[in-house]
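Some notes on the structure that comes next.
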Amino acid sequence: MGIAIEKSSGWMRTMRLMPISSVGYVLSKVASAMLSAVLPVVVVGLLGWGTGAEGNLRVWILGLLTAWGGSAVFAAFGLGIGLTLRAEIVTSIPGLTTTALAFIGNLFLPLSGRVLQVGRWTPMFGVSDIARRALTDGCSLSGVHSSLTFVLLDVGGWFVLFVLLAARAYTKSSGRA
(Lines give C-alpha, C1' and ligand atoms only; values in the text may rest on other atoms or scores of the structure.)
Protein backbone atom coordinates (compact mmCIF):
# COMPACT_ATOMS: atom_id res chain seq x y z
CA MET A 1 0.00 0.00 0.00
CA GLY A 2 2.95 2.32 0.59
CA ILE A 3 3.73 2.47 -3.10
CA ALA A 4 0.16 3.45 -3.94
CA ILE A 5 0.39 6.31 -1.43
CA GLU A 6 3.70 7.41 -2.93
CA LYS A 7 2.12 7.35 -6.35
CA SER A 8 -0.96 9.32 -5.30
CA SER A 9 1.09 11.89 -3.37
CA GLY A 10 3.18 12.81 -6.41
CA TRP A 11 6.38 11.04 -5.39
CA MET A 12 6.64 9.46 -8.85
CA ARG A 13 7.13 12.92 -10.36
CA THR A 14 10.12 13.37 -8.06
CA MET A 15 11.46 9.96 -9.05
CA ARG A 16 11.56 11.08 -12.70
CA LEU A 17 14.43 13.39 -11.76
CA MET A 18 16.58 10.54 -10.47
CA PRO A 19 18.98 8.70 -12.80
CA ILE A 20 17.72 5.20 -11.96
CA SER A 21 16.23 2.67 -14.33
CA SER A 22 12.78 1.22 -13.80
CA VAL A 23 14.25 -2.16 -12.88
CA GLY A 24 16.73 -0.44 -10.55
CA TYR A 25 13.88 1.36 -8.82
CA VAL A 26 11.93 -1.88 -8.38
CA LEU A 27 14.97 -3.77 -7.10
CA SER A 28 15.72 -0.99 -4.59
CA LYS A 29 12.14 -1.20 -3.32
CA VAL A 30 12.41 -5.01 -3.10
CA ALA A 31 15.65 -4.68 -1.13
CA SER A 32 13.95 -2.23 1.23
CA ALA A 33 11.05 -4.65 1.73
CA MET A 34 13.48 -7.48 2.42
CA LEU A 35 15.19 -5.36 5.04
CA SER A 36 11.79 -4.77 6.65
CA ALA A 37 11.09 -8.52 6.56
CA VAL A 38 14.11 -9.41 8.72
CA LEU A 39 12.43 -8.52 12.01
CA PRO A 40 9.21 -10.53 11.47
CA VAL A 41 11.21 -13.56 10.34
CA VAL A 42 13.43 -13.34 13.43
CA VAL A 43 10.35 -12.96 15.67
CA VAL A 44 8.70 -16.02 14.10
CA GLY A 45 11.90 -18.01 14.62
CA LEU A 46 12.13 -16.93 18.24
CA LEU A 47 8.46 -17.71 18.85
CA GLY A 48 8.88 -21.14 17.30
CA TRP A 49 11.93 -21.85 19.40
CA GLY A 50 10.31 -20.43 22.54
CA THR A 51 7.18 -22.53 22.15
CA GLY A 52 9.07 -25.78 21.73
CA ALA A 53 9.15 -26.30 17.98
CA GLU A 54 11.74 -28.93 17.19
CA GLY A 55 14.28 -29.14 14.42
CA ASN A 56 17.99 -29.25 13.92
CA LEU A 57 20.01 -26.12 13.25
CA ARG A 58 20.03 -26.74 9.49
CA VAL A 59 16.23 -26.90 9.37
CA TRP A 60 15.87 -23.70 11.36
CA ILE A 61 18.40 -21.77 9.30
CA LEU A 62 17.14 -22.93 5.90
CA GLY A 63 13.50 -22.41 6.82
CA LEU A 64 14.00 -18.90 8.15
CA LEU A 65 16.32 -17.88 5.30
CA THR A 66 13.80 -19.14 2.77
CA ALA A 67 11.00 -17.22 4.47
CA TRP A 68 13.14 -14.10 4.31
CA GLY A 69 14.30 -14.73 0.73
CA GLY A 70 10.76 -15.50 -0.38
CA SER A 71 9.77 -12.03 0.74
CA ALA A 72 11.56 -10.72 -2.37
CA VAL A 73 9.10 -12.48 -4.67
CA PHE A 74 6.08 -11.11 -2.86
CA ALA A 75 7.60 -7.66 -2.46
CA ALA A 76 7.93 -7.45 -6.24
CA PHE A 77 4.38 -8.77 -6.56
CA GLY A 78 3.02 -6.18 -4.14
CA LEU A 79 5.01 -3.41 -5.78
CA GLY A 80 3.51 -4.29 -9.14
CA ILE A 81 0.01 -4.23 -7.69
CA GLY A 82 0.66 -0.92 -5.96
CA LEU A 83 2.00 0.67 -9.13
CA THR A 84 -0.83 -0.68 -11.26
CA LEU A 85 -3.93 -0.03 -9.16
CA ARG A 86 -5.39 3.06 -7.49
CA ALA A 87 -4.55 3.59 -3.82
CA GLU A 88 -8.12 3.12 -2.62
CA ILE A 89 -8.40 -0.43 -4.00
CA VAL A 90 -4.85 -1.61 -3.32
CA THR A 91 -5.52 -2.32 0.35
CA SER A 92 -7.68 -5.39 -0.24
CA ILE A 93 -6.09 -6.92 -3.34
CA PRO A 94 -2.74 -8.19 -1.92
CA GLY A 95 -4.35 -9.96 1.05
CA LEU A 96 -6.94 -11.71 -1.07
CA THR A 97 -4.46 -12.66 -3.76
CA THR A 98 -1.84 -13.90 -1.31
CA THR A 99 -4.45 -16.00 0.50
CA ALA A 100 -5.57 -17.54 -2.78
CA LEU A 101 -1.94 -18.21 -3.77
CA ALA A 102 -1.29 -19.79 -0.35
CA PHE A 103 -4.26 -22.11 -0.79
CA ILE A 104 -3.35 -23.21 -4.31
CA GLY A 105 0.35 -23.22 -3.35
CA ASN A 106 -0.22 -26.11 -0.90
CA LEU A 107 0.16 -24.16 2.36
CA PHE A 108 -3.21 -24.61 4.06
CA LEU A 109 -3.92 -28.28 3.48
CA PRO A 110 -2.35 -31.15 1.56
CA LEU A 111 -3.39 -30.88 -2.07
CA SER A 112 -3.21 -33.70 -4.58
CA GLY A 113 -4.16 -34.51 -8.15
CA ARG A 114 -4.90 -31.76 -10.64
CA VAL A 115 -5.13 -29.04 -8.01
CA LEU A 116 -1.58 -29.83 -6.87
CA GLN A 117 -0.37 -29.96 -10.48
CA VAL A 118 -1.74 -26.46 -11.06
CA GLY A 119 -0.48 -25.25 -7.69
CA ARG A 120 3.07 -26.34 -8.47
CA TRP A 121 3.27 -23.47 -10.97
CA THR A 122 2.48 -20.76 -8.42
CA PRO A 123 5.06 -18.61 -6.62
CA MET A 124 3.79 -19.66 -3.19
CA PHE A 125 4.36 -23.35 -3.93
CA GLY A 126 8.00 -22.80 -4.81
CA VAL A 127 8.77 -20.68 -1.75
CA SER A 128 6.96 -23.05 0.62
CA ASP A 129 8.59 -26.11 -0.94
CA ILE A 130 12.05 -24.63 -0.47
CA ALA A 131 11.22 -23.64 3.11
CA ARG A 132 10.04 -27.18 3.95
CA ARG A 133 12.74 -28.94 1.95
CA ALA A 134 15.09 -29.39 4.91
CA LEU A 135 12.28 -31.29 6.67
CA THR A 136 10.61 -33.09 3.78
CA ASP A 137 13.43 -33.59 1.26
CA GLY A 138 11.23 -32.12 -1.47
CA CYS A 139 8.05 -34.11 -0.79
CA SER A 140 4.79 -32.21 -0.54
CA LEU A 141 2.39 -32.80 2.32
CA SER A 142 0.59 -35.33 0.11
CA GLY A 143 3.82 -37.17 -0.75
CA VAL A 144 4.50 -35.78 -4.25
CA HIS A 145 8.19 -35.03 -4.84
CA SER A 146 9.45 -31.83 -6.51
CA SER A 147 12.98 -31.41 -7.77
CA LEU A 148 15.03 -28.60 -6.30
CA THR A 149 15.80 -27.35 -9.82
CA PHE A 150 12.09 -27.07 -10.59
CA VAL A 151 11.22 -25.08 -7.47
CA LEU A 152 14.25 -22.79 -7.81
CA LEU A 153 13.29 -22.07 -11.43
CA ASP A 154 9.69 -21.55 -10.31
CA VAL A 155 10.64 -19.01 -7.65
CA GLY A 156 13.26 -17.33 -9.84
CA GLY A 157 10.89 -17.14 -12.80
CA TRP A 158 8.12 -15.57 -10.74
CA PHE A 159 10.56 -13.10 -9.22
CA VAL A 160 11.85 -11.99 -12.62
CA LEU A 161 8.31 -11.77 -13.99
CA PHE A 162 7.07 -9.70 -11.04
CA VAL A 163 10.11 -7.38 -11.21
CA LEU A 164 9.61 -6.82 -14.95
CA LEU A 165 5.88 -6.23 -14.56
CA ALA A 166 6.47 -3.81 -11.68
CA ALA A 167 9.17 -2.02 -13.71
CA ARG A 168 6.76 -1.68 -16.61
CA ALA A 169 4.06 -0.32 -14.29
CA TYR A 170 6.60 2.12 -12.83
CA THR A 171 7.58 3.27 -16.30
CA LYS A 172 3.94 3.82 -17.25
CA SER A 173 3.12 5.63 -13.99
CA SER A 174 6.13 7.93 -14.12
CA GLY A 175 6.53 8.43 -17.83
CA ARG A 176 10.14 7.15 -17.75
CA ALA A 177 11.72 4.84 -20.27
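Chain identifiers are assigned as A, B, and so on, following the order in which chains appear in the C-alpha coordinates; residues are numbered from 1 within each chain, and ligands are numbered from 1 in order of appearance.
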
Within 9 Å of Leu164 in chain A using only C-alpha atoms, minus same-chain residues under 5 positions, as a list of chain:residue names: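 In the requested format, the answer is A:Ser22, A:Val23, A:Val26, A:Ala76, A:Gly80, A:Phe159, A:Ala169.
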
If we count only C-alpha atoms and set the cut-off at 10 Å, which residues sit around range 109-119 of chain A, ignoring sequence neighbours fewer than 5 positions away in its own chain? Please answer as a list in words.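 Close residues of range 109-119 of chain A: Leu101, Ala102, Phe103, Ile104, Met124, Phe125, Gly126, Ser140, Leu141, Ser142, Gly143 and Val144 of chain A.
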
Could you check how far CA of Ile89 in chain A sits from CA of Gly70 in chain A, in Å to one decimal?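 Atom-to-atom, CA of Ile89 in chain A to CA of Gly70 in chain A, that is 24.6 Å.
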
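Counting only C-alpha atoms and comparing A:Val127, A:Leu153, A:Ala75, A:Ala100, the residue that lies closest to Leu35 in chain A is A:Ala75.
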
When you draw a straight line from CA of Leu96 in chain A to CA of Gly78 in chain A, how long is it in Å? 11.8 Å

Using CA of Phe162 in chain A and CA of Thr84 in chain A as the two end points, give the distance in Å to one decimal. 12.0 Å

Give the alpha helix (DSSP H) residues of chain A, as assigned by DSSP on the backbone, as a PyMOL selection string. chain A and resi 2-8+11-15+22-50+57-84+87-90+93-104+113-119+123-136+148-174

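Nearest to Tyr170 in chain A of all the residues A:Leu79, A:Leu65, A:Ile5, A:Val43 is A:Leu79, based on only C-alpha atoms.
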
Compile the contact shell of Ile3 in chain A as JSON, numbers by chain: residues with an atom at most 12 Å away, counting only C-alpha atoms, same-chain residues fewer than 4 positions apart removed. {"A": [7, 8, 9, 10, 11, 12, 25, 26, 29, 30, 33, 75, 76, 77, 78, 79, 80, 81, 82, 83, 84, 85, 86, 87, 88, 90, 91, 166, 169, 170, 173]}

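Distance check against Leu57 in chain A using only C-alpha atoms: of A:Val151, A:Leu107, A:Val163, A:Ala134, the minimum falls on A:Ala134.
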
Could you pull the residues within 10 Å of Leu148 in chain A, counting only C-alpha atoms, minus those fewer than 2 positions along the same chain, as a list in words? Gly126, Asp129, Ile130, Arg133, Asp137, Gly138, His145, Ser146, Phe150, Val151, Leu152, Leu153 and Asp154 of chain A

Those same residues, written as a PDB file, in the first residue's frame with N, CA and C atoms?
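Generated output (part03.pdb):
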ATOM      1  N   GLY A 126       6.539 -22.733  -4.761  1.00  0.00           N
ATOM      2  CA  GLY A 126       8.000 -22.804  -4.806  1.00  0.00           C
ATOM      3  C   GLY A 126       8.647 -22.341  -3.514  1.00  0.00           C
ATOM      4  N   ASP A 129       7.863 -24.856  -0.743  1.00  0.00           N
ATOM      5  CA  ASP A 129       8.592 -26.115  -0.942  1.00  0.00           C
ATOM      6  C   ASP A 129      10.049 -25.965  -0.519  1.00  0.00           C
ATOM      7  N   ILE A 130      10.650 -24.855  -0.869  1.00  0.00           N
ATOM      8  CA  ILE A 130      12.046 -24.629  -0.472  1.00  0.00           C
ATOM      9  C   ILE A 130      12.147 -24.507   1.050  1.00  0.00           C
ATOM     10  N   ARG A 133      11.853 -27.938   2.537  1.00  0.00           N
ATOM     11  CA  ARG A 133      12.743 -28.940   1.947  1.00  0.00           C
ATOM     12  C   ARG A 133      13.672 -29.586   2.964  1.00  0.00           C
ATOM     13  N   ASP A 137      12.599 -33.159   2.383  1.00  0.00           N
ATOM     14  CA  ASP A 137      13.429 -33.590   1.260  1.00  0.00           C
ATOM     15  C   ASP A 137      12.706 -33.454  -0.078  1.00  0.00           C
ATOM     16  N   GLY A 138      11.882 -32.410  -0.202  1.00  0.00           N
ATOM     17  CA  GLY A 138      11.226 -32.119  -1.467  1.00  0.00           C
ATOM     18  C   GLY A 138       9.888 -32.788  -1.674  1.00  0.00           C
ATOM     19  N   HIS A 145       6.842 -35.587  -4.884  1.00  0.00           N
ATOM     20  CA  HIS A 145       8.189 -35.025  -4.843  1.00  0.00           C
ATOM     21  C   HIS A 145       8.379 -33.958  -5.915  1.00  0.00           C
ATOM     22  N   SER A 146       9.083 -32.889  -5.562  1.00  0.00           N
ATOM     23  CA  SER A 146       9.451 -31.830  -6.507  1.00  0.00           C
ATOM     24  C   SER A 146      10.962 -31.701  -6.513  1.00  0.00           C
ATOM     25  N   PHE A 150      13.415 -27.564 -10.207  1.00  0.00           N
ATOM     26  CA  PHE A 150      12.090 -27.073 -10.594  1.00  0.00           C
ATOM     27  C   PHE A 150      11.635 -25.939  -9.685  1.00  0.00           C
ATOM     28  N   VAL A 151      11.735 -26.119  -8.372  1.00  0.00           N
ATOM     29  CA  VAL A 151      11.217 -25.080  -7.469  1.00  0.00           C
ATOM     30  C   VAL A 151      12.089 -23.821  -7.500  1.00  0.00           C
ATOM     31  N   LEU A 152      13.386 -23.981  -7.689  1.00  0.00           N
ATOM     32  CA  LEU A 152      14.249 -22.795  -7.813  1.00  0.00           C
ATOM     33  C   LEU A 152      13.923 -22.021  -9.086  1.00  0.00           C
ATOM     34  N   LEU A 153      13.686 -22.732 -10.180  1.00  0.00           N
ATOM     35  CA  LEU A 153      13.286 -22.070 -11.428  1.00  0.00           C
ATOM     36  C   LEU A 153      11.911 -21.427 -11.285  1.00  0.00           C
ATOM     37  N   ASP A 154      11.020 -22.093 -10.566  1.00  0.00           N
ATOM     38  CA  ASP A 154       9.688 -21.550 -10.311  1.00  0.00           C
ATOM     39  C   ASP A 154       9.793 -20.228  -9.567  1.00  0.00           C
TER      40      ASP A 154
END
